[in-house]
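Here is input_17.cif, consisting of mmCIF, C-alpha atoms:
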data_my_file
loop_
_atom_site.label_atom_id
_atom_site.label_comp_id
_atom_site.auth_asym_id
_atom_site.auth_seq_id
_atom_site.Cartn_x
_atom_site.Cartn_y
_atom_site.Cartn_z
CA MET A 1312 119.00 149.93 137.23
CA PRO A 1313 116.43 149.47 134.40
CA SER A 1314 114.84 152.53 132.93
CA GLU A 1315 111.15 153.39 133.34
CA LYS A 1316 110.42 152.37 129.72
CA THR A 1317 112.05 148.95 130.26
CA LYS A 1318 109.95 148.40 133.40
CA GLN A 1319 106.76 149.15 131.46
CA LEU A 1320 107.76 146.73 128.69
CA LEU A 1321 108.52 143.96 131.18
CA GLU A 1322 105.19 144.47 132.95
CA GLY A 1323 103.39 144.32 129.61
CA LEU A 1324 104.96 140.94 128.76
CA GLY A 1325 102.88 139.21 131.42
CA ARG A 1326 99.67 140.40 129.74
CA ILE A 1327 100.73 139.58 126.18
CA THR A 1328 98.51 136.47 125.95
CA ASP A 1329 95.47 138.09 127.58
CA SER A 1330 94.24 139.43 124.24
CA ALA A 1331 94.55 136.04 122.50
CA PRO A 1332 91.31 134.15 121.85
CA LYS A 1333 90.58 131.68 124.64
CA VAL A 1334 89.07 128.96 122.48
CA ARG A 1335 90.23 128.38 118.95
CA GLU A 1336 87.68 127.02 116.57
CA SER A 1337 88.93 124.71 113.86
CA GLU A 1338 88.59 126.03 110.35
CA LYS A 1339 85.65 124.84 108.33
CA TYR A 1340 86.31 124.02 104.71
CA HIS A 1341 83.45 122.83 102.50
CA SER A 1342 84.90 120.94 99.56
CA PHE A 1343 82.99 120.26 96.36
CA THR A 1344 84.26 116.69 96.52
CA ASN A 1345 82.37 116.18 99.79
CA ARG A 1346 79.16 116.53 97.80
CA PHE A 1347 77.48 113.23 97.00
CA TYR A 1348 74.99 113.05 94.16
CA PRO A 1349 72.79 109.95 94.67
CA ASN A 1350 73.53 107.24 92.10
CA PHE A 1351 73.36 103.49 91.65
CA LEU A 1352 77.15 102.95 91.67
CA HIS A 1353 77.80 103.63 95.35
CA GLN A 1354 75.44 102.99 98.25
CA LEU A 1355 75.95 105.15 101.34
CA PRO A 1356 75.53 103.81 104.89
CA LYS A 1357 72.08 104.04 106.47
CA SER A 1358 73.21 106.97 108.63
CA TYR A 1359 73.00 109.19 105.52
CA ASP A 1360 69.37 108.30 104.72
CA LYS A 1361 68.01 111.27 106.65
CA ALA A 1362 70.75 113.71 105.60
CA LYS A 1363 69.67 117.18 104.57
CA ARG A 1364 69.44 117.45 100.80
CA LYS A 1365 70.74 120.58 99.11
CA LYS A 1366 70.63 121.90 95.56
CA ASP A 1367 73.68 122.93 93.57
CA GLU A 1368 74.01 125.73 91.02
CA ASP A 1369 72.38 123.55 88.33
CA GLY A 1370 69.46 122.54 90.54
CA GLU A 1371 70.65 118.95 91.14
CA GLU A 1372 70.22 117.45 94.61
CA TYR A 1373 73.20 116.37 96.68
CA ILE A 1374 74.10 115.66 100.28
CA MET A 1375 77.30 116.46 102.14
CA ILE A 1376 79.30 113.37 103.21
CA ASP A 1377 82.41 112.60 105.21
CA ARG A 1378 85.37 111.80 102.96
CA ILE A 1379 88.92 110.51 103.44
CA TYR A 1380 91.68 112.30 101.54
CA GLY A 1381 95.18 110.93 101.48
CA ASP A 1382 98.13 109.68 99.55
CA LEU A 1383 100.31 106.61 99.27
CA TRP A 1384 102.48 107.36 102.28
CA ASN A 1385 100.03 108.01 105.11
CA THR A 1386 96.54 107.09 106.22
CA GLY A 1387 95.16 110.45 105.15
CA ARG A 1388 92.80 112.90 106.74
CA LEU A 1389 89.05 112.84 107.19
CA GLN A 1390 87.16 115.91 106.00
CA GLN A 1391 83.79 115.75 107.75
CA LYS A 1392 80.46 116.79 106.25
CA ASP A 1393 80.28 119.88 108.47
CA GLY A 1394 83.57 121.16 107.00
CA THR A 1395 85.87 120.33 109.93
CA THR A 1396 88.83 117.97 109.89
CA TYR A 1397 88.61 114.84 112.07
CA THR A 1398 91.32 114.81 114.73
CA GLY A 1399 90.97 111.19 115.88
CA LYS A 1400 93.01 108.21 114.74
CA LEU A 1401 92.45 106.53 111.37
CA TYR A 1402 93.12 102.80 110.98
CA LYS A 1403 94.05 101.04 107.72
CA LYS A 1404 92.31 97.67 107.26
CA ARG A 1405 91.62 95.23 104.44
CA ARG A 1406 88.17 93.79 103.80
CA LEU A 1407 87.34 90.61 101.92
CA ILE A 1408 85.18 91.15 98.85
CA VAL A 1409 83.50 88.32 96.94
CA ARG A 1410 82.54 89.11 93.35
CA LYS A 1411 80.75 86.87 90.89
CA ASP A 1412 81.93 87.07 87.28
CA PRO A 1413 78.81 87.85 85.21
CA ILE A 1414 80.04 85.84 82.21
CA THR A 1415 81.47 82.67 83.73
CA GLY A 1416 79.59 82.74 87.03
CA GLU A 1417 82.90 82.12 88.81
CA LYS A 1418 83.37 83.67 92.27
CA ASN A 1419 86.48 85.75 92.87
CA ASN A 1420 87.70 86.69 96.35
CA PHE A 1421 90.05 89.60 96.93
CA TYR A 1422 91.03 92.04 99.63
CA SER A 1423 90.31 95.74 99.25
CA ALA A 1424 91.81 98.52 101.38
CA CYS A 1425 89.52 100.42 103.70
CA THR A 1426 89.86 102.88 106.55
CA SER A 1427 88.08 103.05 109.88
CA THR A 1428 87.88 105.77 112.49
CA ALA A 1429 88.07 105.45 116.25
CA ASP A 1430 84.37 106.31 116.45
CA GLY A 1431 83.30 103.47 114.13
CA ARG A 1432 82.92 105.05 110.68
CA TRP A 1433 84.20 103.09 107.66
CA PHE A 1434 85.47 104.26 104.26
CA ASP A 1435 86.41 102.38 101.10
CA ASN A 1436 89.63 102.80 99.11
CA GLN A 1437 88.12 105.83 97.31
CA GLY A 1438 87.50 107.57 100.63
CA LEU A 1439 83.71 107.23 100.40
CA PRO A 1440 81.66 106.09 103.42
CA ILE A 1441 80.58 102.44 103.55
CA GLU A 1442 78.79 100.15 105.98
CA ALA A 1443 81.07 98.32 108.40
CA PRO A 1444 82.49 95.29 106.57
CA THR A 1445 81.53 91.83 107.80
CA GLN A 1446 84.74 90.09 106.71
CA LEU A 1447 88.06 91.69 107.55
CA GLU A 1448 91.54 90.33 107.02
CA PRO A 1449 92.58 88.64 110.27
CA GLU A 1450 95.05 90.56 112.41
CA LYS A 1451 98.54 89.15 112.08
CA GLN A 1452 99.62 87.60 115.36
CA PRO A 1453 103.37 87.84 116.00
CA ASP A 1454 105.22 84.54 116.11
CA PRO A 1455 106.81 83.82 119.54
CA GLU A 1456 110.15 83.14 117.83
CA GLU A 1457 109.98 86.51 116.05
CA LEU A 1458 109.21 88.26 119.35
CA GLU A 1459 112.20 86.55 120.98
CA LEU A 1460 114.46 87.60 118.10
CA ILE A 1461 113.26 91.21 118.30
CA GLU A 1462 113.85 91.30 122.06
CA SER A 1463 117.36 89.88 121.70
CA ARG A 1464 118.20 92.52 119.05
CA LYS A 1465 116.91 95.27 121.34
CA ALA A 1466 119.06 93.93 124.19
CA GLU A 1467 122.15 93.81 121.94
CA ALA A 1468 121.52 97.39 120.78
CA ALA A 1469 121.15 98.56 124.39
CA LYS A 1470 124.44 96.87 125.33
CA ALA A 1471 126.19 98.49 122.36
CA ARG A 1472 124.87 101.94 123.35
CA GLU A 1473 125.98 101.40 126.94
CA ALA A 1474 129.47 100.32 125.78
CA ALA A 1475 129.74 103.39 123.55
CA ILE A 1476 128.75 105.70 126.43
CA LEU A 1477 131.29 104.05 128.78
CA ALA A 1478 134.02 104.33 126.12
CA ASN A 1479 133.36 108.07 125.80
CA LEU A 1480 133.62 108.54 129.58
CA LYS A 1481 137.16 107.15 129.81
#
Will you turn the file into structure tokens for me?
Amino acid sequence: MPSEKTKQLLEGLGRITDSAPKVRESEKYHSFTNRFYPNFLHQLPKSYDKAKRKKDEDGEEYIMIDRIYGDLWNTGRLQQKDGTTYTGKLYKKRRLIVRKDPITGEKNNFYSACTSTADGRWFDNQGLPIEAPTQLEPEKQPDPEELELIESRKAEAAKAREAAILANLK
């Protein structure tokens, strides 16, 4: 027979989550690196043309931008201009860039890494916003022979697992 104190504790367990906040707001973190000072080196997408301009401690104008932060091993995270972190999926792509050599006049083509979001925003390999590229690297289509080989390996692995399970049962 539980004591009176134990009964009170058990009754209180059902209400333990009642005091928790119902809706959790994501933390807002305003990074200095999300500030963009207008310059001639990088052009922002048209969606930033009407962005609210602010002044920093030195009186210079800047606007807050979305920015991708990451490392070599993952696609990164998107810190949005309002200070929240984007929770959608980020996609790694490669865009074709054509540059003309100013000395020889020769055209050079190369691929540059970029990232896109599920909602259609694009970022260059520095994490800065860009307009959607017109030329992307074509998606690699799997070869039918490769698909057949992968399927056969999966089937062999499944048979090996089944044999191992049956051997352990005996």
* To do: Spell out the residues picked by the PyMOL selection byres ((chain A and resi 1365-1378) around 7) here, as a PyMOL selection string.
  => chain A and resi 1345-1349+1362-1364+1379-1380+1389-1392+1438-1440
* Asked: Care to translate the PyMOL selection byres ((chain A and resi 1415-1424) around 10) into actual residues of this file, as JSON, numbers by chain?
  -> {"A": [1403, 1404, 1405, 1406, 1407, 1408, 1409, 1410, 1411, 1412, 1413, 1414, 1425, 1426, 1434, 1435, 1436, 1437, 1446, 1447, 1448]}
* Asked: In Å, how far is it from CA of Asn1385 (chain A) to CA of Trp1433 (chain A)?
  -> 16.8 Å
* Asked: What residues come out when you apply the PyMOL selection byres ((chain A and resi 1357) around 12) to this file, written as JSON, numbers by chain?
  -> {"A": [1354, 1355, 1356, 1358, 1359, 1360, 1361, 1362, 1432, 1440, 1441, 1442, 1443]}
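Going from CA of Gly1387 (chain A) to CA of Gly1399 (chain A) covers 11.5 Å.
CA of Thr1396 (chain A) is found 14.2 Å from CA of Thr1344 (chain A).
With distances restricted to all atoms listed in the file, A:Gly1394 is the closest residue to Phe1343 (chain A) from A:Asp1430, A:Gly1394, A:Asn1479, A:Ala1471.
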Rebuild region 1363-1384 of chain A so that it carries N, CA and C atoms, then output the result as a compact mmCIF listing (two decimals), in the frame of the given file.
# COMPACT_ATOMS: atom_id res chain seq x y z
N LYS A 1363 70.32 116.04 105.19
CA LYS A 1363 69.67 117.18 104.57
C LYS A 1363 70.11 117.29 103.11
N ARG A 1364 69.15 117.34 102.23
CA ARG A 1364 69.44 117.45 100.80
C ARG A 1364 69.53 118.92 100.42
N LYS A 1365 70.53 119.22 99.58
CA LYS A 1365 70.74 120.58 99.11
C LYS A 1365 70.70 120.59 97.59
N LYS A 1366 70.62 121.77 97.02
CA LYS A 1366 70.63 121.90 95.56
C LYS A 1366 71.85 122.70 95.14
N ASP A 1367 72.50 122.23 94.07
CA ASP A 1367 73.68 122.93 93.57
C ASP A 1367 73.27 124.03 92.60
N GLU A 1368 74.25 124.62 91.94
CA GLU A 1368 74.01 125.73 91.02
C GLU A 1368 73.12 125.33 89.84
N ASP A 1369 73.17 124.04 89.46
CA ASP A 1369 72.38 123.55 88.33
C ASP A 1369 71.03 122.99 88.76
N GLY A 1370 70.74 123.02 90.05
CA GLY A 1370 69.46 122.54 90.54
C GLY A 1370 69.44 121.06 90.88
N GLU A 1371 70.60 120.38 90.81
CA GLU A 1371 70.65 118.95 91.14
C GLU A 1371 70.80 118.77 92.64
N GLU A 1372 70.16 117.72 93.18
CA GLU A 1372 70.22 117.45 94.61
C GLU A 1372 71.49 116.71 94.98
N TYR A 1373 72.04 117.07 96.14
CA TYR A 1373 73.20 116.37 96.68
C TYR A 1373 73.12 116.42 98.20
N ILE A 1374 73.94 115.60 98.83
CA ILE A 1374 74.10 115.66 100.28
C ILE A 1374 75.59 115.77 100.59
N MET A 1375 75.91 116.36 101.72
CA MET A 1375 77.30 116.46 102.14
C MET A 1375 77.67 115.17 102.88
N ILE A 1376 78.85 114.61 102.58
CA ILE A 1376 79.30 113.37 103.21
C ILE A 1376 80.69 113.57 103.81
N ASP A 1377 81.05 112.67 104.71
CA ASP A 1377 82.41 112.60 105.21
C ASP A 1377 83.26 111.96 104.13
N ARG A 1378 84.53 112.36 104.02
CA ARG A 1378 85.37 111.80 102.96
C ARG A 1378 86.81 111.76 103.43
N ILE A 1379 87.49 110.66 103.12
CA ILE A 1379 88.92 110.51 103.44
C ILE A 1379 89.74 111.02 102.25
N TYR A 1380 90.72 111.84 102.54
CA TYR A 1380 91.68 112.30 101.54
C TYR A 1380 93.05 111.84 101.99
N GLY A 1381 93.86 111.38 101.08
CA GLY A 1381 95.18 110.93 101.48
C GLY A 1381 96.08 110.69 100.30
N ASP A 1382 97.18 110.00 100.58
CA ASP A 1382 98.13 109.68 99.55
C ASP A 1382 98.71 108.30 99.83
N LEU A 1383 99.74 107.95 99.12
CA LEU A 1383 100.31 106.61 99.27
C LEU A 1383 101.10 106.41 100.55
N TRP A 1384 101.54 107.49 101.18
CA TRP A 1384 102.48 107.36 102.28
C TRP A 1384 101.86 107.48 103.66
